[in-house]
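Structure file coords.txt; described as compact mmCIF, C-alpha atoms.
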# COMPACT_ATOMS: atom_id res chain seq x y z
CA MET A 20 15.66 -26.44 33.85
CA PRO A 21 13.27 -26.50 30.82
CA PRO A 22 14.77 -25.46 27.48
CA MET A 23 14.11 -21.90 26.48
CA GLU A 24 11.57 -21.55 23.69
CA GLN A 25 13.02 -20.00 20.57
CA THR A 26 11.52 -16.62 19.75
CA PRO A 27 9.77 -16.71 16.36
CA ASP A 28 11.57 -14.77 13.65
CA PRO A 29 9.06 -12.38 12.06
CA LEU A 30 11.28 -12.01 8.98
CA ALA A 31 11.53 -15.75 8.23
CA ARG A 32 8.39 -15.86 6.12
CA PHE A 33 9.61 -13.03 3.93
CA ARG A 34 12.89 -14.85 3.24
CA SER A 35 10.94 -17.98 2.38
CA GLU A 36 8.58 -16.12 0.06
CA ALA A 37 11.54 -14.38 -1.63
CA ALA A 38 13.19 -17.76 -2.24
CA THR A 39 9.95 -19.04 -3.80
CA ARG A 40 9.75 -16.03 -6.11
CA GLN A 41 13.42 -16.48 -7.05
CA ALA A 42 12.83 -20.13 -7.97
CA ALA A 43 9.82 -19.16 -10.10
CA GLY A 44 11.76 -16.48 -12.01
CA LEU A 45 9.69 -13.71 -10.40
CA LYS A 46 12.35 -11.91 -8.35
CA ARG A 47 12.52 -8.19 -9.02
CA THR A 48 15.74 -6.19 -8.88
CA LEU A 49 16.37 -2.45 -8.85
CA ARG A 50 18.99 -1.35 -11.36
CA ALA A 51 20.27 2.20 -11.15
CA ARG A 52 20.72 3.49 -14.70
CA THR A 53 23.19 6.19 -15.70
CA PRO A 54 22.26 9.54 -17.32
CA ASP A 55 23.04 8.13 -20.77
CA ASP A 56 20.80 5.06 -20.15
CA ASP A 57 23.93 2.90 -19.94
CA GLY A 58 24.40 3.52 -23.65
CA LEU A 59 21.29 1.48 -24.50
CA ILE A 60 18.43 2.46 -26.81
CA ASP A 61 15.44 2.99 -24.55
CA LEU A 62 12.44 0.79 -25.40
CA ALA A 63 11.43 0.28 -21.78
CA SER A 64 10.35 3.68 -20.47
CA ASN A 65 7.04 5.49 -20.91
CA ASP A 66 8.71 8.56 -22.42
CA TYR A 67 6.65 8.12 -25.59
CA LEU A 68 7.29 11.55 -27.12
CA GLY A 69 10.89 11.82 -25.95
CA LEU A 70 10.12 14.89 -23.83
CA ALA A 71 11.51 13.81 -20.45
CA ARG A 72 14.91 15.30 -21.32
CA ASP A 73 13.68 18.12 -23.50
CA ASP A 74 15.37 21.41 -22.60
CA ARG A 75 12.04 23.22 -22.77
CA LEU A 76 10.62 21.07 -19.98
CA ALA A 77 13.82 21.30 -17.93
CA ASP A 78 13.96 25.08 -18.26
CA ALA A 79 10.29 25.43 -17.25
CA ALA A 80 10.79 23.14 -14.24
CA THR A 81 13.91 25.05 -13.17
CA ALA A 82 12.20 28.44 -13.40
CA ALA A 83 9.17 27.22 -11.44
CA THR A 84 11.37 25.66 -8.78
CA ARG A 85 13.26 28.93 -8.28
CA THR A 86 9.97 30.84 -8.07
CA TRP A 87 7.88 28.47 -5.96
CA GLY A 88 10.42 26.21 -4.25
CA THR A 89 11.21 22.51 -4.55
CA GLY A 90 7.94 21.28 -3.06
CA SER A 91 4.32 22.40 -2.90
CA THR A 92 4.61 22.53 0.95
CA GLY A 93 1.29 20.86 1.79
CA SER A 94 -1.87 19.17 0.65
CA ARG A 95 -3.77 21.02 -2.03
CA LEU A 96 -6.48 21.93 0.47
CA VAL A 97 -3.92 23.70 2.68
CA THR A 98 -0.92 25.29 0.91
CA GLY A 99 -0.30 22.86 -1.94
CA SER A 100 -2.36 24.62 -4.62
CA THR A 101 -0.46 27.27 -6.53
CA ALA A 102 -1.36 29.47 -9.46
CA LEU A 103 0.61 27.00 -11.58
CA HIS A 104 -1.70 24.14 -10.55
CA ALA A 105 -4.74 26.18 -11.55
CA GLU A 106 -3.12 27.07 -14.87
CA LEU A 107 -2.32 23.44 -15.62
CA GLU A 108 -5.89 22.38 -14.84
CA ALA A 109 -7.23 25.04 -17.20
CA ARG A 110 -4.79 24.06 -19.93
CA LEU A 111 -5.60 20.36 -19.61
CA CYS A 112 -9.30 21.20 -19.97
CA ALA A 113 -8.63 23.23 -23.11
CA PHE A 114 -6.37 20.54 -24.57
CA THR A 115 -8.70 17.58 -23.93
CA ARG A 116 -12.03 19.46 -24.22
CA ALA A 117 -12.93 18.51 -20.64
CA GLU A 118 -15.14 20.71 -18.46
CA SER A 119 -13.06 20.50 -15.29
CA ALA A 120 -9.75 19.04 -14.15
CA LEU A 121 -8.06 18.21 -10.86
CA VAL A 122 -4.29 17.63 -10.65
CA PHE A 123 -2.86 14.90 -8.38
CA SER A 124 0.71 14.05 -7.45
CA SER A 125 0.57 10.80 -9.51
CA GLY A 126 -1.64 9.04 -12.01
CA TYR A 127 -1.93 6.14 -9.55
CA LEU A 128 -3.47 8.44 -6.96
CA ALA A 129 -5.79 9.95 -9.57
CA ASN A 130 -7.16 6.47 -10.27
CA LEU A 131 -7.49 5.69 -6.58
CA ALA A 132 -9.54 8.82 -5.99
CA ALA A 133 -11.71 8.54 -9.09
CA VAL A 134 -12.73 4.90 -8.69
CA ALA A 135 -12.84 4.71 -4.89
CA ALA A 136 -14.79 7.95 -4.40
CA LEU A 137 -17.09 7.78 -7.42
CA GLY A 138 -17.68 4.06 -7.02
CA LYS A 139 -18.53 4.18 -3.33
CA GLY A 140 -21.89 2.50 -2.70
CA ALA A 141 -22.24 1.61 -6.39
CA LEU A 142 -21.64 -1.47 -8.48
CA VAL A 143 -18.15 -1.22 -10.00
CA VAL A 144 -17.64 -3.06 -13.29
CA SER A 145 -13.93 -3.42 -14.02
CA GLU A 146 -12.27 -4.78 -17.16
CA ALA A 147 -10.00 -7.80 -16.62
CA GLY A 148 -7.01 -6.10 -18.28
CA ASN A 149 -7.09 -2.97 -16.14
CA HIS A 150 -3.97 -1.54 -14.51
CA ALA A 151 -3.11 -2.43 -10.90
CA SER A 152 -4.01 1.09 -9.75
CA ILE A 153 -7.59 0.48 -10.91
CA VAL A 154 -7.66 -2.92 -9.24
CA ASP A 155 -6.51 -1.33 -5.97
CA ALA A 156 -9.03 1.48 -6.36
CA CYS A 157 -11.84 -1.04 -6.80
CA ARG A 158 -10.84 -2.66 -3.52
CA LEU A 159 -10.69 0.70 -1.75
CA SER A 160 -14.21 1.57 -2.92
CA ARG A 161 -15.54 -1.25 -0.68
CA SER A 162 -18.25 -1.72 -3.27
CA ARG A 163 -19.29 -4.87 -5.08
CA VAL A 164 -16.95 -5.36 -8.03
CA VAL A 165 -17.66 -7.40 -11.15
CA VAL A 166 -14.63 -8.14 -13.33
CA THR A 167 -15.59 -8.65 -16.96
CA PRO A 168 -13.54 -10.40 -19.69
CA HIS A 169 -11.23 -8.34 -21.87
CA LYS A 170 -13.17 -5.94 -24.14
CA ASP A 171 -16.44 -7.82 -23.57
CA VAL A 172 -19.11 -5.11 -23.84
CA VAL A 173 -21.96 -7.67 -23.65
CA ALA A 174 -20.67 -8.85 -20.26
CA VAL A 175 -20.42 -5.25 -19.07
CA GLU A 176 -24.00 -4.46 -20.03
CA LYS A 177 -25.27 -7.67 -18.45
CA ALA A 178 -23.52 -6.84 -15.17
CA LEU A 179 -25.07 -3.37 -15.23
CA ALA A 180 -28.56 -4.64 -16.10
CA ASP A 181 -28.51 -7.34 -13.41
CA ARG A 182 -27.35 -5.08 -10.59
CA SER A 183 -29.26 -4.49 -7.38
CA GLU A 184 -27.38 -1.26 -6.66
CA GLU A 185 -28.97 2.02 -7.69
CA HIS A 186 -25.70 3.44 -9.05
CA ALA A 187 -22.95 1.89 -11.16
CA VAL A 188 -19.50 2.74 -12.49
CA VAL A 189 -17.70 1.10 -15.40
CA VAL A 190 -13.92 1.50 -15.43
CA THR A 191 -11.44 0.63 -18.18
CA ASP A 192 -8.01 1.48 -19.51
CA ALA A 193 -8.16 3.28 -22.85
CA VAL A 194 -4.97 1.67 -24.15
CA PHE A 195 -4.08 -1.41 -22.13
CA SER A 196 -0.68 -1.13 -20.51
CA VAL A 197 0.75 -4.49 -21.59
CA ASP A 198 -1.23 -5.69 -24.61
CA GLY A 199 -1.25 -2.21 -26.14
CA ASP A 200 -4.75 -2.58 -27.64
CA LEU A 201 -7.59 -0.06 -27.49
CA ALA A 202 -10.77 -0.42 -25.42
CA PRO A 203 -14.11 -0.28 -27.27
CA LEU A 204 -14.92 3.13 -25.81
CA ALA A 205 -17.89 4.04 -28.00
CA GLU A 206 -19.62 0.74 -27.23
CA LEU A 207 -18.84 0.95 -23.51
CA HIS A 208 -20.17 4.50 -23.39
CA ALA A 209 -23.40 3.47 -25.14
CA ALA A 210 -23.88 0.60 -22.67
CA ALA A 211 -23.20 2.91 -19.72
CA VAL A 212 -25.73 5.48 -20.98
CA ARG A 213 -28.40 2.81 -21.52
CA GLN A 214 -27.89 1.50 -17.99
CA GLY A 215 -27.48 4.84 -16.22
CA ALA A 216 -23.83 4.26 -15.31
CA LEU A 217 -20.71 6.42 -15.17
CA LEU A 218 -17.77 5.46 -17.39
CA ILE A 219 -14.24 6.05 -16.05
CA VAL A 220 -11.48 5.81 -18.67
CA ASP A 221 -7.80 5.68 -17.73
CA GLU A 222 -5.98 7.55 -20.52
CA ALA A 223 -2.48 6.96 -19.11
CA HIS A 224 -1.21 5.32 -22.30
CA SER A 225 -3.36 7.28 -24.77
CA ILE A 226 -2.97 10.96 -23.86
CA GLY A 227 -0.29 12.42 -26.11
CA VAL A 228 -0.41 9.37 -28.39
CA ILE A 229 -3.96 8.65 -29.60
CA GLY A 230 -6.06 10.91 -31.79
CA PRO A 231 -5.32 14.18 -33.61
CA GLY A 232 -2.66 16.07 -31.69
CA GLY A 233 -2.60 13.37 -28.99
CA GLN A 234 -5.78 14.58 -27.28
CA GLY A 235 -6.53 11.06 -26.16
CA ALA A 236 -8.75 8.09 -26.97
CA VAL A 237 -11.94 9.58 -25.54
CA HIS A 238 -11.53 12.66 -27.71
CA ALA A 239 -10.68 10.51 -30.75
CA ALA A 240 -13.89 8.52 -30.18
CA GLY A 241 -15.92 11.75 -30.25
CA LEU A 242 -16.86 11.43 -26.59
CA ALA A 243 -14.98 14.35 -25.00
CA ALA A 244 -18.16 16.35 -24.37
CA GLU A 245 -20.15 13.46 -22.91
CA PRO A 246 -21.08 14.12 -19.26
CA HIS A 247 -21.17 10.40 -18.36
CA ILE A 248 -17.40 10.04 -18.90
CA VAL A 249 -14.61 10.67 -16.41
CA ARG A 250 -11.00 10.54 -17.63
CA THR A 251 -7.86 9.96 -15.61
CA ILE A 252 -4.47 10.81 -17.07
CA THR A 253 -0.84 10.72 -16.09
CA LEU A 254 1.68 13.49 -16.65
CA SER A 255 4.61 11.07 -16.40
CA LYS A 256 4.41 9.29 -19.76
CA SER A 257 3.87 11.29 -22.96
CA LEU A 258 4.08 14.59 -21.09
CA GLY A 259 7.53 13.78 -19.72
CA SER A 260 6.84 15.06 -16.21
CA GLN A 261 5.29 13.66 -13.02
CA GLY A 262 1.77 13.62 -11.62
CA GLY A 263 -1.76 12.87 -12.78
CA ALA A 264 -5.19 14.40 -13.19
CA VAL A 265 -8.89 13.61 -13.29
CA LEU A 266 -10.98 15.21 -16.04
CA GLY A 267 -14.76 15.41 -15.96
CA ALA A 268 -17.87 17.37 -15.13
CA PRO A 269 -17.66 20.02 -12.38
CA GLU A 270 -19.70 17.74 -10.09
CA ILE A 271 -16.98 15.10 -10.42
CA VAL A 272 -14.17 17.45 -9.45
CA GLU A 273 -16.18 18.87 -6.54
CA THR A 274 -16.82 15.34 -5.26
CA LEU A 275 -13.13 14.44 -5.42
CA ILE A 276 -12.09 17.63 -3.63
CA ASP A 277 -14.53 16.84 -0.84
CA THR A 278 -14.14 13.04 -0.60
CA GLY A 279 -11.11 11.84 -2.58
CA ARG A 280 -8.78 10.56 0.12
CA SER A 281 -5.72 10.36 -2.15
CA PHE A 282 -6.31 14.04 -2.98
CA ILE A 283 -7.20 15.35 0.48
CA PHE A 284 -4.40 13.65 2.40
CA ASP A 285 -1.55 13.87 -0.11
CA THR A 286 0.99 16.64 -0.65
CA GLY A 287 0.33 18.54 -3.87
CA LEU A 288 2.39 18.00 -6.99
CA ALA A 289 5.73 19.85 -6.90
CA PRO A 290 5.71 23.14 -8.85
CA GLY A 291 8.60 22.04 -11.06
CA SER A 292 6.60 19.04 -12.27
CA VAL A 293 3.54 21.22 -12.87
CA ALA A 294 5.58 23.62 -15.00
CA ALA A 295 7.19 20.78 -16.96
CA ALA A 296 3.75 19.38 -17.77
CA LEU A 297 2.59 22.82 -18.92
CA ALA A 298 5.58 23.03 -21.23
CA ALA A 299 4.79 19.57 -22.62
CA VAL A 300 1.21 20.60 -23.43
CA ASP A 301 2.61 23.64 -25.26
CA ILE A 302 4.88 21.37 -27.31
CA LEU A 303 2.04 19.02 -28.20
CA GLN A 304 -0.10 21.89 -29.37
CA ASN A 305 2.75 23.34 -31.45
CA GLN A 306 3.93 19.96 -32.77
CA PRO A 307 0.76 17.89 -33.34
CA GLU A 308 2.75 15.52 -35.55
CA LEU A 309 4.56 13.97 -32.56
CA PRO A 310 1.77 11.45 -31.76
CA VAL A 311 1.80 10.35 -35.41
CA PHE A 312 5.53 9.71 -35.17
CA VAL A 313 5.22 7.49 -32.11
CA ARG A 314 2.32 5.48 -33.53
CA THR A 315 4.27 4.96 -36.76
CA ARG A 316 7.33 3.74 -34.87
CA ALA A 317 5.19 1.35 -32.81
CA LYS A 318 3.72 -0.20 -35.95
CA GLU A 319 7.22 -0.55 -37.39
CA LEU A 320 8.39 -2.37 -34.24
CA ALA A 321 5.40 -4.71 -34.38
CA ALA A 322 5.95 -5.45 -38.06
CA MET A 323 9.63 -6.13 -37.36
CA ALA A 324 8.73 -8.61 -34.60
CA ARG A 325 6.21 -10.42 -36.80
CA GLU A 326 8.74 -10.70 -39.64
CA LEU A 327 11.06 -12.46 -37.21
CA GLY A 328 8.36 -14.91 -36.11
CA LEU A 329 7.74 -13.34 -32.70
CA GLU A 330 4.22 -13.11 -31.24
CA THR A 331 2.89 -9.57 -30.92
CA ASN A 332 -0.24 -7.43 -31.32
CA ASP A 333 -1.21 -4.64 -33.67
CA PRO A 334 -0.49 -1.64 -31.42
CA ALA A 335 -3.07 1.11 -30.93
CA GLY A 336 -0.52 3.41 -29.32
CA ALA A 337 3.11 3.13 -28.26
CA VAL A 338 3.05 -0.24 -26.46
CA VAL A 339 4.29 -3.31 -28.38
CA PRO A 340 4.28 -6.60 -26.43
CA ILE A 341 6.32 -9.63 -27.52
CA VAL A 342 4.85 -12.68 -25.82
CA LEU A 343 7.46 -15.29 -24.87
CA GLY A 344 5.79 -17.60 -22.31
CA PRO A 345 7.72 -18.54 -19.15
CA PRO A 346 9.26 -15.78 -16.99
CA GLU A 347 12.74 -17.25 -17.40
CA THR A 348 12.45 -16.90 -21.17
CA ALA A 349 11.40 -13.26 -20.88
CA LEU A 350 14.31 -12.54 -18.53
CA ARG A 351 16.75 -14.13 -20.96
CA ALA A 352 15.25 -12.17 -23.87
CA ALA A 353 15.63 -8.89 -21.96
CA ALA A 354 19.27 -9.75 -21.24
CA ILE A 355 19.87 -10.54 -24.93
CA CYS A 356 18.37 -7.20 -25.91
CA ALA A 357 20.70 -5.41 -23.49
CA GLU A 358 23.69 -7.30 -24.92
CA HIS A 359 22.67 -5.96 -28.34
CA GLY A 360 22.25 -2.36 -27.18
CA VAL A 361 18.52 -2.20 -26.37
CA ARG A 362 16.76 -1.77 -23.03
CA ALA A 363 13.44 -3.64 -23.17
CA GLY A 364 10.76 -3.95 -20.51
CA CYS A 365 10.34 -7.44 -19.04
CA PHE A 366 6.85 -8.23 -17.74
CA ARG A 367 6.15 -11.34 -15.66
CA PRO A 368 3.33 -12.46 -13.35
CA PRO A 369 1.53 -10.85 -11.58
CA SER A 370 1.87 -8.04 -14.15
CA VAL A 371 0.72 -10.50 -16.83
CA PRO A 372 -1.14 -13.85 -16.70
CA VAL A 373 0.82 -17.04 -16.08
CA GLY A 374 2.33 -18.27 -19.33
CA ARG A 375 2.22 -14.80 -20.94
CA SER A 376 5.51 -13.30 -19.79
CA CYS A 377 6.72 -10.86 -22.40
CA LEU A 378 9.01 -8.13 -23.50
CA ARG A 379 7.14 -4.84 -23.56
CA LEU A 380 8.65 -2.51 -26.13
CA THR A 381 7.57 1.11 -25.96
CA ALA A 382 8.03 3.20 -29.07
CA ARG A 383 9.23 6.79 -28.93
CA ALA A 384 8.60 9.59 -31.39
CA ASN A 385 12.33 10.31 -31.62
CA LEU A 386 13.56 6.83 -32.54
CA SER A 387 15.88 7.13 -35.55
CA SER A 388 16.43 4.81 -38.50
CA ASP A 389 19.80 3.89 -36.97
CA ASP A 390 17.99 2.98 -33.72
CA LEU A 391 15.62 0.71 -35.65
CA ALA A 392 18.57 -1.11 -37.21
CA VAL A 393 20.03 -1.83 -33.76
CA ILE A 394 16.61 -2.92 -32.50
CA ARG A 395 16.23 -5.33 -35.42
CA GLY A 396 19.54 -6.92 -34.47
CA ALA A 397 18.40 -7.37 -30.88
CA LEU A 398 15.04 -8.88 -31.86
CA THR A 399 16.76 -11.17 -34.37
CA ALA A 400 18.87 -12.53 -31.51
CA VAL A 401 15.73 -13.01 -29.39
CA ALA A 402 14.06 -14.88 -32.26
CA GLU A 403 17.09 -17.16 -32.58
CA MET A 404 16.98 -17.82 -28.83
CA MET A 405 13.30 -18.74 -29.10
CA LYS A 406 14.05 -21.30 -31.82
CA VAL A 407 16.60 -22.96 -29.55
CA THR A 408 14.27 -22.78 -26.53
CA VAL A 409 11.34 -24.35 -28.41

Will you turn the file into structure tokens for me?
Amino acid sequence: MPPMEQTPDPLARFRSEAATRQAAGLKRTLRARTPDDDGLIDLASNDYLGLARDDRLADAATAATRTWGTGSTGSRLVTGSTALHAELEARLCAFTRAESALVFSSGYLANLAAVAALGKGALVVSEAGNHASIVDACRLSRSRVVVTPHKDVVAVEKALADRSEEHAVVVTDAVFSVDGDLAPLAELHAAAVRQGALLIVDEAHSIGVIGPGGQGAVHAAGLAAEPHIVRTITLSKSLGSQGGAVLGAPEIVETLIDTGRSFIFDTGLAPGSVAAALAAVDILQNQPELPVFVRTRAKELAAMARELGLETNDPAGAVVPIVLGPPETALRAAAICAEHGVRAGCFRPPSVPVGRSCLRLTARANLSSDDLAVIRGALTAVAEMMKVTV
């Protein structure tokens, strides 16, 4: 009797790939934090203005939840649009000086809709440092995509000038999510105008942080009224809530309502999150000094790192990277920070290029002088570790 053939195990390749990632220092692990952040000073979250636990946001979310329920109950084209959603869109327009706005259930989905729908059938020119949501959106557009080097406006204009497509879209982060530097928005806009292209700017890390009152990098560059610009934002960073939005001309919003798949086929943002975002906009308008506080703290963190001999950038917003090299070194540095009372973000490939694993520190407006003293102790220990490692 012939031996029975062994049935292939469809999970074997995943175990093998996981082992490879583990060996390379690229294994990810979920860690459930406690309400007090495990007693650590938070330099890892995106809560730049310290609003995520603000009572004003919590009270607004609670009241909206009791009025409207815990969920929006459907896509926004069915039952998922409430009066709160319309109010938030109007308030975001007033705050950012945009003509129209459309709220999504996440900033990721806002990027997917904006780039995939507006870039369909066009050349899409994407900056090399763009967030993964933009990379995925470029793929979903099914258009030809040209990736240009970081902040290289000449390469962008050349790609636009050499295109065979009638239409073109340029897409960039405003503040880059790991390096923390600012895109050359004025130059990109000028190139887009000369070449008849649309410019999409992801303001995830700049809204609430950059410019007077935190109105964003596009506004700070004097471009808020320009019709060639589309902005995407998130409500889950500076605004301490959840969700995202696209800001632009009425034609842009109409197009996304009609053709944006991640808008049409997704359940609308929960009313509690909408109300929390509204409360955050109120706070920003009443406390325009908050963005100044966070930018000041970011510069202090960067200066501290440089004093200790650690490699970092001059931050445009809240993000302060500390480049360490191999992923194992970054993991060890994050553990050292935790041992010294600080939670730091640890970024490894594919989030960053090979050899550029880093700690990503994110400043908050409500960091105290005592917090900075603890942070200095943690970074001093990381610097000592680096001396031993080298």

| query | Of the candidates A:Ala357, A:Thr278, A:Leu320, A:Thr348, which shows the shortest atom-to-atom distance to Arg395 of chain A, using all atoms listed in the file? | reply |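 Selected residue with least distance to Arg395 of chain A: A:Leu320.
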
| message | Residues proximal to (-4.7, 1.2, -8.8) were defined as those with any atom within 8 Å of that point in the file's coordinates, counting all atoms listed in the file. Which are they, as a ChimeraX atom specification? | response | /A:127-128,130-131,150-157

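Of the listed residues A:Cys356, A:Arg379, A:Ala202, A:Ala178, the one whose atoms come nearest to Gly396 of chain A is A:Cys356, with distances taken using only C-alpha atoms.
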
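Among A:Ala317, A:Leu266, A:Ala205, A:Leu179, the residue with the shortest atom-to-atom distance to Asp221 of chain A, counting all atoms listed in the file, is A:Leu266.
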
| task | Identify the residues within 9 Å of coordinate (-23.0, -1.9, -26.2) (same frame as the file), considering only C-alpha atoms, and give the answer as a list of chain:residue names. | result | A:Val172, A:Val173, A:Val175, A:Glu176, A:Ala205, A:Glu206, A:Leu207, A:His208, A:Ala209, A:Ala210, A:Ala211, A:Arg213

Residues from the last selection, C-alpha atoms, saved as a JSON list (two decimals), in the coordinates of the input:
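Wrote again-v2.json, looks like this:
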[["chain", "number", "residue", "atom", "x", "y", "z"],
["A", 172, "VAL", "CA", -19.11, -5.11, -23.84],
["A", 173, "VAL", "CA", -21.96, -7.67, -23.65],
["A", 175, "VAL", "CA", -20.42, -5.25, -19.07],
["A", 176, "GLU", "CA", -24.00, -4.46, -20.03],
["A", 205, "ALA", "CA", -17.89, 4.04, -28.00],
["A", 206, "GLU", "CA", -19.62, 0.74, -27.23],
["A", 207, "LEU", "CA", -18.84, 0.95, -23.51],
["A", 208, "HIS", "CA", -20.17, 4.50, -23.39],
["A", 209, "ALA", "CA", -23.40, 3.47, -25.14],
["A", 210, "ALA", "CA", -23.88, 0.60, -22.67],
["A", 211, "ALA", "CA", -23.20, 2.91, -19.72],
["A", 213, "ARG", "CA", -28.40, 2.81, -21.52]]

| field | Non-local contacts of segment 292-294 of chain A (9 Å; only C-alpha atoms; under 3 positions in same chain excluded) as a list in words | value |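 My reading of the contact set: Leu76, Ala79, Ala80, Thr81, Ala82, Ala83, Thr84, Leu103, His104, Leu107, Val122, Leu254, Ser260, Gln261, Gly262, Leu288, Ala289, Leu297, Ala298 and Ala299 of chain A.
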
Using C-alpha atoms, can you write the selected residues to a file as a tab-separated table (two decimals), in the coordinates of the input?
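Final output, saved to result.tsv:
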chain	number	residue	atom	x	y	z
A	76	LEU	CA	10.62	21.07	-19.98
A	79	ALA	CA	10.29	25.43	-17.25
A	80	ALA	CA	10.79	23.14	-14.24
A	81	THR	CA	13.91	25.05	-13.17
A	82	ALA	CA	12.20	28.44	-13.40
A	83	ALA	CA	9.17	27.22	-11.44
A	84	THR	CA	11.37	25.66	-8.78
A	103	LEU	CA	0.61	27.00	-11.58
A	104	HIS	CA	-1.70	24.14	-10.55
A	107	LEU	CA	-2.32	23.44	-15.62
A	122	VAL	CA	-4.29	17.63	-10.65
A	254	LEU	CA	1.68	13.49	-16.65
A	260	SER	CA	6.84	15.06	-16.21
A	261	GLN	CA	5.29	13.66	-13.02
A	262	GLY	CA	1.77	13.62	-11.62
A	288	LEU	CA	2.39	18.00	-6.99
A	289	ALA	CA	5.73	19.85	-6.90
A	297	LEU	CA	2.59	22.82	-18.92
A	298	ALA	CA	5.58	23.03	-21.23
A	299	ALA	CA	4.79	19.57	-22.62

| request: Name the closest residue to Val300 of chain A among the candidates A:Gly259, A:Gly44, A:Val165, A:Val342; distances are taken between atoms, counting all atoms listed in the file. | output: A:Gly259

| said: Between atom CA of Ala180 of chain A and atom CA of Leu217 of chain A, what distance in Å does the model show, to one decimal? | reply: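 Computing the Euclidean distance for atom CA of Ala180 of chain A and atom CA of Leu217 of chain A yields 13.6 Å.
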
| Smallest atom-to-atom distance to Gly126 of chain A: which of A:Ala113, A:Val338, A:Ile252, A:Val220, using only C-alpha atoms? | A:Ile252

| task | Give me the residues within 9 Å of Ser64 of chain A as number ranges by chain, counting all atoms listed in the file and dropping any in the same chain fewer than 6 places off. | result | A: 256, 362-364, 380-382

| query | Interatomic distance between atom CA of Gly233 of chain A and atom CA of Gly199 of chain A? | reply |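 The value is 15.9 Å.
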
| Spatial neighbours of Gly58 of chain A, 12 Å, all atoms listed in the file, chain gap at least 6 places, as an MDAnalysis selection string | chainID A and resid 52 357:362 390

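Going from atom CA of Pro368 of chain A over to atom CA of Asn332 of chain A, you cover 19.0 Å.
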
| said: From the options A:Val393, A:Ser255, A:Lys170, A:Gly88, which residue's atoms come nearest to Met323 of chain A, counting all atoms listed in the file? | reply: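 Between A:Val393, A:Ser255, A:Lys170, A:Gly88, the residue approaching Met323 of chain A most closely is A:Val393.
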
| task | Would you kindly return, as a list in words, each protein, DNA or RNA residue with an atom no farther than 6 Å from any atom of Thr251 of chain A, considering only C-alpha atoms and excluding same-chain residues fewer than 4 positions away? | result | Asp221, Glu222, Ala264 and Val265 of chain A
